[in-house]
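The file target.cif contains mmCIF, N, CA and C atoms:
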data_work
loop_
_atom_site.label_atom_id
_atom_site.label_comp_id
_atom_site.auth_asym_id
_atom_site.auth_seq_id
_atom_site.Cartn_x
_atom_site.Cartn_y
_atom_site.Cartn_z
N MET B 1 64.08 -105.12 -10.22
CA MET B 1 64.97 -104.00 -10.40
C MET B 1 65.99 -104.03 -9.28
N ILE B 2 67.18 -103.66 -9.62
CA ILE B 2 68.25 -103.66 -8.63
C ILE B 2 68.32 -102.29 -7.96
N PHE B 3 68.38 -102.31 -6.63
CA PHE B 3 68.50 -101.11 -5.81
C PHE B 3 69.59 -101.34 -4.77
N THR B 4 70.20 -100.26 -4.31
CA THR B 4 71.16 -100.37 -3.21
C THR B 4 70.39 -100.69 -1.93
N PRO B 5 71.05 -101.27 -0.94
CA PRO B 5 70.37 -101.51 0.34
C PRO B 5 69.78 -100.24 0.94
N GLU B 6 70.49 -99.13 0.78
CA GLU B 6 69.98 -97.85 1.29
C GLU B 6 68.68 -97.46 0.58
N SER B 7 68.64 -97.64 -0.73
CA SER B 7 67.42 -97.35 -1.49
C SER B 7 66.28 -98.28 -1.09
N ILE B 8 66.61 -99.54 -0.85
CA ILE B 8 65.58 -100.51 -0.44
C ILE B 8 64.95 -100.08 0.88
N ASN B 9 65.74 -99.61 1.82
CA ASN B 9 65.19 -99.13 3.09
C ASN B 9 64.26 -97.95 2.86
N LEU B 10 64.63 -97.05 1.96
CA LEU B 10 63.77 -95.89 1.66
C LEU B 10 62.49 -96.32 0.97
N ILE B 11 62.58 -97.31 0.08
CA ILE B 11 61.37 -97.83 -0.59
C ILE B 11 60.44 -98.44 0.44
N ARG B 12 61.00 -99.26 1.32
CA ARG B 12 60.18 -99.91 2.36
C ARG B 12 59.50 -98.90 3.27
N SER B 13 60.17 -97.79 3.56
CA SER B 13 59.59 -96.78 4.45
C SER B 13 58.58 -95.89 3.74
N GLY B 14 58.54 -95.98 2.40
CA GLY B 14 57.63 -95.13 1.63
C GLY B 14 58.24 -93.80 1.24
N ALA B 15 59.50 -93.55 1.61
CA ALA B 15 60.15 -92.28 1.30
C ALA B 15 60.62 -92.22 -0.16
N LYS B 16 60.86 -93.36 -0.78
CA LYS B 16 61.32 -93.40 -2.18
C LYS B 16 60.23 -94.03 -3.03
N THR B 17 59.70 -93.25 -3.96
CA THR B 17 58.63 -93.72 -4.85
C THR B 17 58.97 -93.45 -6.32
N GLN B 18 60.24 -93.15 -6.58
CA GLN B 18 60.68 -92.83 -7.93
C GLN B 18 62.12 -93.29 -8.07
N THR B 19 62.50 -93.68 -9.28
CA THR B 19 63.90 -93.98 -9.58
C THR B 19 64.19 -93.51 -10.99
N ARG B 20 65.42 -93.12 -11.20
CA ARG B 20 65.87 -92.71 -12.53
C ARG B 20 66.90 -93.71 -13.01
N ARG B 21 66.79 -94.09 -14.27
CA ARG B 21 67.71 -95.03 -14.89
C ARG B 21 68.15 -94.45 -16.23
N PRO B 22 69.45 -94.53 -16.56
CA PRO B 22 69.91 -93.97 -17.84
C PRO B 22 69.22 -94.61 -19.04
N VAL B 23 68.94 -93.79 -20.04
CA VAL B 23 68.42 -94.29 -21.31
C VAL B 23 69.60 -94.90 -22.06
N LYS B 24 69.43 -96.10 -22.53
CA LYS B 24 70.47 -96.79 -23.32
C LYS B 24 70.18 -96.57 -24.80
N GLY B 25 71.16 -96.79 -25.63
CA GLY B 25 71.06 -96.51 -27.06
C GLY B 25 69.90 -97.16 -27.78
N ARG B 26 69.53 -98.38 -27.41
CA ARG B 26 68.46 -99.08 -28.13
C ARG B 26 67.10 -98.99 -27.43
N ASP B 27 67.01 -98.18 -26.38
CA ASP B 27 65.74 -98.03 -25.64
C ASP B 27 64.72 -97.28 -26.47
N HIS B 28 63.48 -97.66 -26.31
CA HIS B 28 62.39 -96.90 -26.90
C HIS B 28 61.13 -97.09 -26.06
N ARG B 29 60.34 -96.03 -26.01
CA ARG B 29 59.10 -96.04 -25.24
C ARG B 29 57.95 -96.18 -26.22
N THR B 30 57.02 -97.02 -25.88
CA THR B 30 55.84 -97.18 -26.73
C THR B 30 54.59 -97.07 -25.87
N HIS B 31 53.51 -96.79 -26.51
CA HIS B 31 52.20 -96.86 -25.85
C HIS B 31 51.19 -97.31 -26.89
N TYR B 32 50.23 -98.03 -26.40
CA TYR B 32 49.19 -98.53 -27.29
C TYR B 32 47.91 -98.73 -26.49
N ASN B 33 46.81 -98.73 -27.19
CA ASN B 33 45.52 -98.92 -26.55
C ASN B 33 45.24 -100.42 -26.50
N ALA B 34 45.15 -100.94 -25.29
CA ALA B 34 44.94 -102.38 -25.10
C ALA B 34 43.46 -102.72 -24.99
N GLY B 35 42.59 -101.80 -25.39
CA GLY B 35 41.15 -102.05 -25.32
C GLY B 35 40.55 -101.55 -24.01
N ASN B 36 41.27 -101.74 -22.91
CA ASN B 36 40.76 -101.26 -21.62
C ASN B 36 41.61 -100.09 -21.11
N GLY B 37 42.33 -99.44 -21.99
CA GLY B 37 43.14 -98.28 -21.62
C GLY B 37 44.51 -98.33 -22.27
N TRP B 38 45.24 -97.25 -22.12
CA TRP B 38 46.56 -97.13 -22.72
C TRP B 38 47.60 -97.87 -21.90
N VAL B 39 48.53 -98.51 -22.58
CA VAL B 39 49.64 -99.22 -21.95
C VAL B 39 50.93 -98.49 -22.34
N TYR B 40 51.73 -98.16 -21.33
CA TYR B 40 53.01 -97.50 -21.56
C TYR B 40 54.12 -98.45 -21.16
N GLU B 41 55.13 -98.59 -22.04
CA GLU B 41 56.22 -99.51 -21.75
C GLU B 41 57.52 -99.00 -22.36
N VAL B 42 58.62 -99.54 -21.85
CA VAL B 42 59.94 -99.25 -22.38
C VAL B 42 60.57 -100.57 -22.77
N ALA B 43 61.10 -100.61 -23.98
CA ALA B 43 61.81 -101.81 -24.45
C ALA B 43 63.28 -101.46 -24.66
N ARG B 44 64.13 -102.42 -24.40
CA ARG B 44 65.57 -102.29 -24.66
C ARG B 44 65.85 -103.23 -25.82
N GLY B 45 65.93 -102.64 -27.01
CA GLY B 45 66.02 -103.47 -28.21
C GLY B 45 64.70 -104.20 -28.39
N ASP B 46 64.75 -105.53 -28.46
CA ASP B 46 63.54 -106.34 -28.62
C ASP B 46 63.00 -106.83 -27.29
N ARG B 47 63.65 -106.51 -26.19
CA ARG B 47 63.26 -107.03 -24.88
C ARG B 47 62.49 -105.99 -24.06
N LEU B 48 61.32 -106.36 -23.57
CA LEU B 48 60.54 -105.46 -22.73
C LEU B 48 61.30 -105.22 -21.43
N GLN B 49 61.49 -103.96 -21.10
CA GLN B 49 62.23 -103.58 -19.90
C GLN B 49 61.28 -103.27 -18.75
N TRP B 50 60.36 -102.33 -18.98
CA TRP B 50 59.40 -101.92 -17.95
C TRP B 50 58.05 -101.65 -18.60
N CYS B 51 56.99 -101.91 -17.86
CA CYS B 51 55.64 -101.68 -18.35
C CYS B 51 54.78 -101.17 -17.21
N VAL B 52 54.10 -100.05 -17.42
CA VAL B 52 53.21 -99.48 -16.40
C VAL B 52 52.12 -100.49 -16.10
N GLY B 53 51.85 -100.68 -14.81
CA GLY B 53 50.82 -101.61 -14.38
C GLY B 53 51.36 -102.97 -13.97
N ARG B 54 52.61 -103.24 -14.26
CA ARG B 54 53.23 -104.51 -13.86
C ARG B 54 54.00 -104.34 -12.56
N THR B 55 54.22 -105.46 -11.89
CA THR B 55 55.04 -105.42 -10.68
C THR B 55 56.43 -105.96 -10.99
N TYR B 56 57.40 -105.48 -10.22
CA TYR B 56 58.79 -105.86 -10.41
C TYR B 56 59.42 -106.18 -9.07
N ALA B 57 60.32 -107.15 -9.09
CA ALA B 57 61.04 -107.53 -7.88
C ALA B 57 62.02 -106.41 -7.50
N VAL B 58 62.14 -106.18 -6.20
CA VAL B 58 63.15 -105.28 -5.66
C VAL B 58 64.28 -106.16 -5.16
N CYS B 59 65.46 -106.02 -5.77
CA CYS B 59 66.59 -106.89 -5.46
C CYS B 59 67.80 -106.06 -5.03
N PRO B 60 68.58 -106.56 -4.06
CA PRO B 60 69.79 -105.83 -3.62
C PRO B 60 70.99 -106.07 -4.53
N GLY B 61 70.84 -106.82 -5.59
CA GLY B 61 71.95 -107.06 -6.52
C GLY B 61 71.55 -108.07 -7.56
N ARG B 62 72.34 -108.14 -8.64
CA ARG B 62 72.07 -109.09 -9.71
C ARG B 62 72.18 -110.52 -9.16
N GLY B 63 71.15 -111.33 -9.41
CA GLY B 63 71.15 -112.71 -8.94
C GLY B 63 70.76 -112.88 -7.48
N LYS B 64 70.44 -111.78 -6.80
CA LYS B 64 70.04 -111.85 -5.39
C LYS B 64 68.53 -112.06 -5.30
N HIS B 65 68.09 -112.64 -4.17
CA HIS B 65 66.66 -112.86 -3.96
C HIS B 65 65.93 -111.54 -3.76
N GLN B 66 64.70 -111.49 -4.24
CA GLN B 66 63.90 -110.28 -4.07
C GLN B 66 63.59 -110.05 -2.60
N VAL B 67 63.46 -108.77 -2.25
CA VAL B 67 63.12 -108.40 -0.87
C VAL B 67 61.78 -107.67 -0.82
N GLY B 68 61.11 -107.59 -1.96
CA GLY B 68 59.81 -106.94 -2.05
C GLY B 68 59.43 -106.78 -3.51
N ARG B 69 58.27 -106.18 -3.73
CA ARG B 69 57.82 -105.92 -5.10
C ARG B 69 57.26 -104.51 -5.17
N ILE B 70 57.47 -103.88 -6.34
CA ILE B 70 56.92 -102.56 -6.59
C ILE B 70 56.01 -102.62 -7.81
N LEU B 71 54.99 -101.77 -7.81
CA LEU B 71 54.08 -101.62 -8.94
C LEU B 71 54.47 -100.36 -9.69
N LEU B 72 54.77 -100.50 -10.97
CA LEU B 72 55.16 -99.35 -11.79
C LEU B 72 53.90 -98.58 -12.17
N LYS B 73 53.88 -97.29 -11.81
CA LYS B 73 52.70 -96.45 -12.02
C LYS B 73 52.83 -95.49 -13.20
N ALA B 74 54.05 -95.08 -13.54
CA ALA B 74 54.24 -94.13 -14.66
C ALA B 74 55.68 -94.20 -15.14
N ILE B 75 55.86 -93.85 -16.41
CA ILE B 75 57.18 -93.78 -17.03
C ILE B 75 57.23 -92.48 -17.83
N ARG B 76 58.33 -91.76 -17.69
CA ARG B 76 58.56 -90.61 -18.56
C ARG B 76 60.06 -90.49 -18.80
N CYS B 77 60.43 -89.67 -19.74
CA CYS B 77 61.84 -89.49 -20.11
C CYS B 77 62.16 -88.01 -20.02
N GLU B 78 63.33 -87.67 -19.43
CA GLU B 78 63.76 -86.29 -19.32
C GLU B 78 65.26 -86.25 -19.06
N PRO B 79 65.92 -85.11 -19.27
CA PRO B 79 67.31 -84.99 -18.88
C PRO B 79 67.42 -85.08 -17.35
N VAL B 80 68.44 -85.75 -16.88
CA VAL B 80 68.58 -85.94 -15.43
C VAL B 80 68.64 -84.61 -14.69
N ALA B 81 69.22 -83.59 -15.30
CA ALA B 81 69.36 -82.29 -14.64
C ALA B 81 68.03 -81.55 -14.46
N GLU B 82 66.96 -82.03 -15.11
CA GLU B 82 65.66 -81.35 -14.98
C GLU B 82 64.85 -81.81 -13.78
N ILE B 83 65.45 -82.57 -12.87
CA ILE B 83 64.73 -83.01 -11.69
C ILE B 83 64.25 -81.79 -10.89
N CYS B 84 63.02 -81.87 -10.39
CA CYS B 84 62.47 -80.78 -9.59
C CYS B 84 62.50 -81.16 -8.11
N HIS B 85 62.20 -80.22 -7.25
CA HIS B 85 62.22 -80.44 -5.80
C HIS B 85 61.32 -81.61 -5.39
N THR B 86 60.10 -81.65 -5.92
CA THR B 86 59.15 -82.70 -5.57
C THR B 86 59.69 -84.07 -5.99
N ASP B 87 60.30 -84.13 -7.17
CA ASP B 87 60.86 -85.40 -7.63
C ASP B 87 62.08 -85.81 -6.81
N ALA B 88 62.89 -84.85 -6.38
CA ALA B 88 64.04 -85.17 -5.52
C ALA B 88 63.54 -85.80 -4.21
N MET B 89 62.44 -85.29 -3.70
CA MET B 89 61.86 -85.89 -2.49
C MET B 89 61.32 -87.28 -2.79
N ALA B 90 60.69 -87.47 -3.97
CA ALA B 90 60.18 -88.79 -4.34
C ALA B 90 61.33 -89.78 -4.55
N GLU B 91 62.52 -89.27 -4.85
CA GLU B 91 63.71 -90.11 -4.97
C GLU B 91 64.25 -90.50 -3.59
N GLY B 92 63.72 -89.89 -2.53
CA GLY B 92 64.13 -90.26 -1.18
C GLY B 92 64.99 -89.25 -0.45
N LEU B 93 65.25 -88.09 -1.06
CA LEU B 93 66.07 -87.08 -0.39
C LEU B 93 65.25 -86.28 0.62
N ARG B 94 65.89 -85.91 1.70
CA ARG B 94 65.25 -85.12 2.77
C ARG B 94 66.30 -84.20 3.37
N TRP B 95 65.84 -83.26 4.18
CA TRP B 95 66.74 -82.45 5.01
C TRP B 95 66.80 -83.09 6.38
N ASN B 96 68.00 -83.21 6.96
CA ASN B 96 68.07 -83.73 8.34
C ASN B 96 67.88 -82.59 9.33
N ASP B 97 67.95 -82.88 10.62
CA ASP B 97 67.71 -81.86 11.66
C ASP B 97 68.72 -80.73 11.62
N ASP B 98 69.90 -80.97 11.04
CA ASP B 98 70.94 -79.93 10.94
C ASP B 98 70.84 -79.14 9.65
N GLY B 99 69.81 -79.41 8.84
CA GLY B 99 69.64 -78.69 7.58
C GLY B 99 70.55 -79.17 6.47
N ILE B 100 71.03 -80.41 6.60
CA ILE B 100 71.89 -80.99 5.57
C ILE B 100 71.08 -82.01 4.79
N ALA B 101 71.23 -81.97 3.47
CA ALA B 101 70.51 -82.93 2.62
C ALA B 101 71.01 -84.34 2.93
N CYS B 102 70.08 -85.28 2.94
CA CYS B 102 70.47 -86.66 3.21
C CYS B 102 69.66 -87.62 2.35
N TYR B 103 70.27 -88.77 2.13
CA TYR B 103 69.64 -89.86 1.41
C TYR B 103 69.79 -91.08 2.30
N GLY B 104 68.73 -91.41 3.01
CA GLY B 104 68.83 -92.46 4.02
C GLY B 104 69.78 -92.00 5.11
N THR B 105 70.83 -92.75 5.36
CA THR B 105 71.81 -92.38 6.38
C THR B 105 72.97 -91.58 5.79
N ARG B 106 73.01 -91.43 4.47
CA ARG B 106 74.11 -90.71 3.80
C ARG B 106 73.80 -89.22 3.75
N THR B 107 74.73 -88.39 4.20
CA THR B 107 74.55 -86.94 4.09
C THR B 107 75.24 -86.45 2.82
N ILE B 108 74.70 -85.35 2.30
CA ILE B 108 75.24 -84.75 1.07
C ILE B 108 75.51 -83.28 1.39
N PRO B 109 76.66 -83.00 2.02
CA PRO B 109 76.95 -81.62 2.43
C PRO B 109 77.15 -80.70 1.23
N GLY B 110 76.89 -79.43 1.46
CA GLY B 110 77.14 -78.42 0.44
C GLY B 110 76.01 -78.21 -0.54
N ALA B 111 74.97 -79.00 -0.45
CA ALA B 111 73.84 -78.84 -1.38
C ALA B 111 72.84 -77.87 -0.76
N GLY B 112 72.62 -76.75 -1.45
CA GLY B 112 71.69 -75.75 -0.93
C GLY B 112 70.24 -76.09 -1.21
N ILE B 113 70.00 -76.89 -2.23
CA ILE B 113 68.64 -77.32 -2.55
C ILE B 113 68.66 -78.82 -2.85
N LEU B 114 67.51 -79.45 -2.69
CA LEU B 114 67.47 -80.90 -2.85
C LEU B 114 67.79 -81.36 -4.27
N THR B 115 67.49 -80.55 -5.26
CA THR B 115 67.83 -80.96 -6.63
C THR B 115 69.34 -81.04 -6.81
N ASP B 116 70.09 -80.10 -6.21
CA ASP B 116 71.56 -80.16 -6.25
C ASP B 116 72.05 -81.40 -5.52
N ALA B 117 71.42 -81.73 -4.39
CA ALA B 117 71.80 -82.92 -3.63
C ALA B 117 71.57 -84.17 -4.47
N TYR B 118 70.44 -84.21 -5.19
CA TYR B 118 70.19 -85.38 -6.03
C TYR B 118 71.24 -85.50 -7.13
N LEU B 119 71.58 -84.40 -7.77
CA LEU B 119 72.57 -84.45 -8.85
C LEU B 119 73.95 -84.86 -8.31
N ALA B 120 74.29 -84.44 -7.10
CA ALA B 120 75.54 -84.88 -6.47
C ALA B 120 75.49 -86.38 -6.23
N LEU B 121 74.36 -86.88 -5.76
CA LEU B 121 74.18 -88.31 -5.54
C LEU B 121 74.28 -89.06 -6.88
N TRP B 122 73.64 -88.54 -7.91
CA TRP B 122 73.69 -89.14 -9.25
C TRP B 122 75.13 -89.29 -9.71
N ARG B 123 75.94 -88.24 -9.50
CA ARG B 123 77.34 -88.28 -9.94
C ARG B 123 78.13 -89.37 -9.21
N THR B 124 77.75 -89.72 -7.99
CA THR B 124 78.45 -90.81 -7.29
C THR B 124 78.08 -92.16 -7.91
N MET B 125 76.86 -92.28 -8.43
CA MET B 125 76.42 -93.54 -9.04
C MET B 125 76.87 -93.65 -10.49
N TYR B 126 76.89 -92.52 -11.20
CA TYR B 126 77.24 -92.49 -12.62
C TYR B 126 78.29 -91.39 -12.84
N PRO B 127 79.54 -91.63 -12.44
CA PRO B 127 80.55 -90.57 -12.48
C PRO B 127 80.86 -90.04 -13.89
N LYS B 128 80.64 -90.82 -14.92
CA LYS B 128 80.92 -90.38 -16.29
C LYS B 128 79.71 -89.73 -16.95
N SER B 129 78.64 -89.59 -16.20
CA SER B 129 77.39 -89.09 -16.74
C SER B 129 77.47 -87.60 -17.08
N ASP B 130 76.87 -87.27 -18.20
CA ASP B 130 76.65 -85.88 -18.57
C ASP B 130 75.26 -85.54 -18.04
N LEU B 131 75.13 -84.47 -17.30
CA LEU B 131 73.85 -84.16 -16.67
C LEU B 131 72.75 -83.79 -17.66
N THR B 132 73.10 -83.67 -18.94
CA THR B 132 72.06 -83.44 -19.95
C THR B 132 71.54 -84.76 -20.51
N GLU B 133 72.16 -85.88 -20.09
CA GLU B 133 71.73 -87.17 -20.65
C GLU B 133 70.30 -87.49 -20.23
N LEU B 134 69.62 -88.24 -21.09
CA LEU B 134 68.24 -88.61 -20.83
C LEU B 134 68.18 -89.79 -19.87
N VAL B 135 67.17 -89.73 -19.01
CA VAL B 135 66.92 -90.83 -18.07
C VAL B 135 65.46 -91.21 -18.13
N TRP B 136 65.19 -92.47 -17.78
CA TRP B 136 63.81 -92.92 -17.58
C TRP B 136 63.46 -92.58 -16.14
N VAL B 137 62.33 -91.93 -15.95
CA VAL B 137 61.82 -91.66 -14.61
C VAL B 137 60.71 -92.66 -14.38
N LEU B 138 60.92 -93.55 -13.42
CA LEU B 138 59.96 -94.61 -13.12
C LEU B 138 59.31 -94.30 -11.78
N GLU B 139 57.99 -94.11 -11.80
CA GLU B 139 57.24 -93.86 -10.57
C GLU B 139 56.60 -95.17 -10.14
N PHE B 140 56.67 -95.48 -8.84
CA PHE B 140 56.20 -96.76 -8.38
C PHE B 140 55.66 -96.66 -6.95
N GLU B 141 55.04 -97.75 -6.52
CA GLU B 141 54.64 -97.88 -5.11
C GLU B 141 54.97 -99.30 -4.67
N MET B 142 55.30 -99.43 -3.40
CA MET B 142 55.61 -100.75 -2.84
C MET B 142 54.29 -101.51 -2.69
N VAL B 143 54.25 -102.76 -3.17
CA VAL B 143 53.04 -103.56 -3.04
C VAL B 143 53.24 -104.78 -2.17
N GLU B 144 54.49 -105.25 -2.03
CA GLU B 144 54.81 -106.37 -1.16
C GLU B 144 56.11 -106.06 -0.43
N PRO B 145 56.04 -105.95 0.88
CA PRO B 145 57.28 -105.66 1.63
C PRO B 145 58.23 -106.85 1.62
#
Show this structure as structure tokens.
Amino acid sequence: MIFTPESINLIRSGAKTQTRRPVKGRDHRTHYNAGNGWVYEVARGDRLQWCVGRTYAVCPGRGKHQVGRILLKAIRCEPVAEICHTDAMAEGLRWNDDGIACYGTRTIPGAGILTDAYLALWRTMYPKSDLTELVWVLEFEMVEP
């Protein structure tokens, strides 16, 4: 999975354990019983995109070498605007010593709550996004630094 260098630092520190990715038109989530438990996965058309229980490379860009691996623990779908305080923290947002929301070294002034700070951050990454659009919420843990 591709992450910004700032996000990679947060993943490595354990501060970021969740990421949101826009749902694309041909995406679909499936689950099935594999005999030893339920398997949850997301496919993009005919191609498997993510599967709970698998590990994925953490990369700073397309075609770049991996800098670690994460284990996908859960997948769910929701409108991006429904992020809660706990999830904003799992995305890596915190309050700095001055009471300003921050994401790594980036400050997000004017946000009174972390969910607003996350949505402001989202708009910088996806400026044409409608905040009611559906996103995949991927929960993970770092398994290889």
field: Selection under test: the PyMOL selection byres ((chain B and resi 85-102) around 6); residues as JSON, numbers by chain
entry: {"B": [15, 16, 17, 18, 19, 83, 84, 103, 104, 106, 107, 108, 109, 114, 115]}
* Go through the shown structure with the PyMOL selection byres ((chain B and resi 45) around 6) and write out the matching residues as a ChimeraX atom specification. => /B:26-28,43-44,46-47
Closest of B:Arg54, B:Leu72, B:Ala117, B:Leu138 to Arg20 in chain B - atom-to-atom distances counting only N, CA and C atoms: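 Ranking B:Arg54, B:Leu72, B:Ala117, B:Leu138 by distance to Arg20 in chain B, first place goes to B:Leu138.
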_I need the strand (DSSP E) residues of range 2-145 of chain B per DSSP on the backbone, written as a count of residues only._
60
Among B:Met125, B:Val135, B:Ile11, B:Val52, Lys73 in chain B is approached most closely, using only N, CA and C atoms, by B:Val52
#### Entry: Spatial neighbours of Ile2 in chain B, 7 Å, all atoms listed in the file, chain gap at least 5 places, as a list in words
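Skipping anything fewer than 5 positions along the chain leaves Ala57, Val58, Cys59, Pro60, Gly61 and Arg62 of chain B.
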Based on the selection just made, write N, CA and C atoms of those residues as a short mmCIF file (atom, residue, chain, number, x, y, z; two decimals), in the coordinates of the input.
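For reference, part_9.cif as written:
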data_model
loop_
_atom_site.label_atom_id
_atom_site.label_comp_id
_atom_site.auth_asym_id
_atom_site.auth_seq_id
_atom_site.Cartn_x
_atom_site.Cartn_y
_atom_site.Cartn_z
N ALA B 57 60.32 -107.15 -9.09
CA ALA B 57 61.04 -107.53 -7.88
C ALA B 57 62.02 -106.41 -7.50
N VAL B 58 62.14 -106.18 -6.20
CA VAL B 58 63.15 -105.28 -5.66
C VAL B 58 64.28 -106.16 -5.16
N CYS B 59 65.46 -106.02 -5.77
CA CYS B 59 66.59 -106.89 -5.46
C CYS B 59 67.80 -106.06 -5.03
N PRO B 60 68.58 -106.56 -4.06
CA PRO B 60 69.79 -105.83 -3.62
C PRO B 60 70.99 -106.07 -4.53
N GLY B 61 70.84 -106.82 -5.59
CA GLY B 61 71.95 -107.06 -6.52
C GLY B 61 71.55 -108.07 -7.56
N ARG B 62 72.34 -108.14 -8.64
CA ARG B 62 72.07 -109.09 -9.71
C ARG B 62 72.18 -110.52 -9.16
#
For Glu41 in chain B, the closest of B:Leu131, B:Leu10, B:Val137, B:Val67 counting only C-alpha atoms is B:Val137
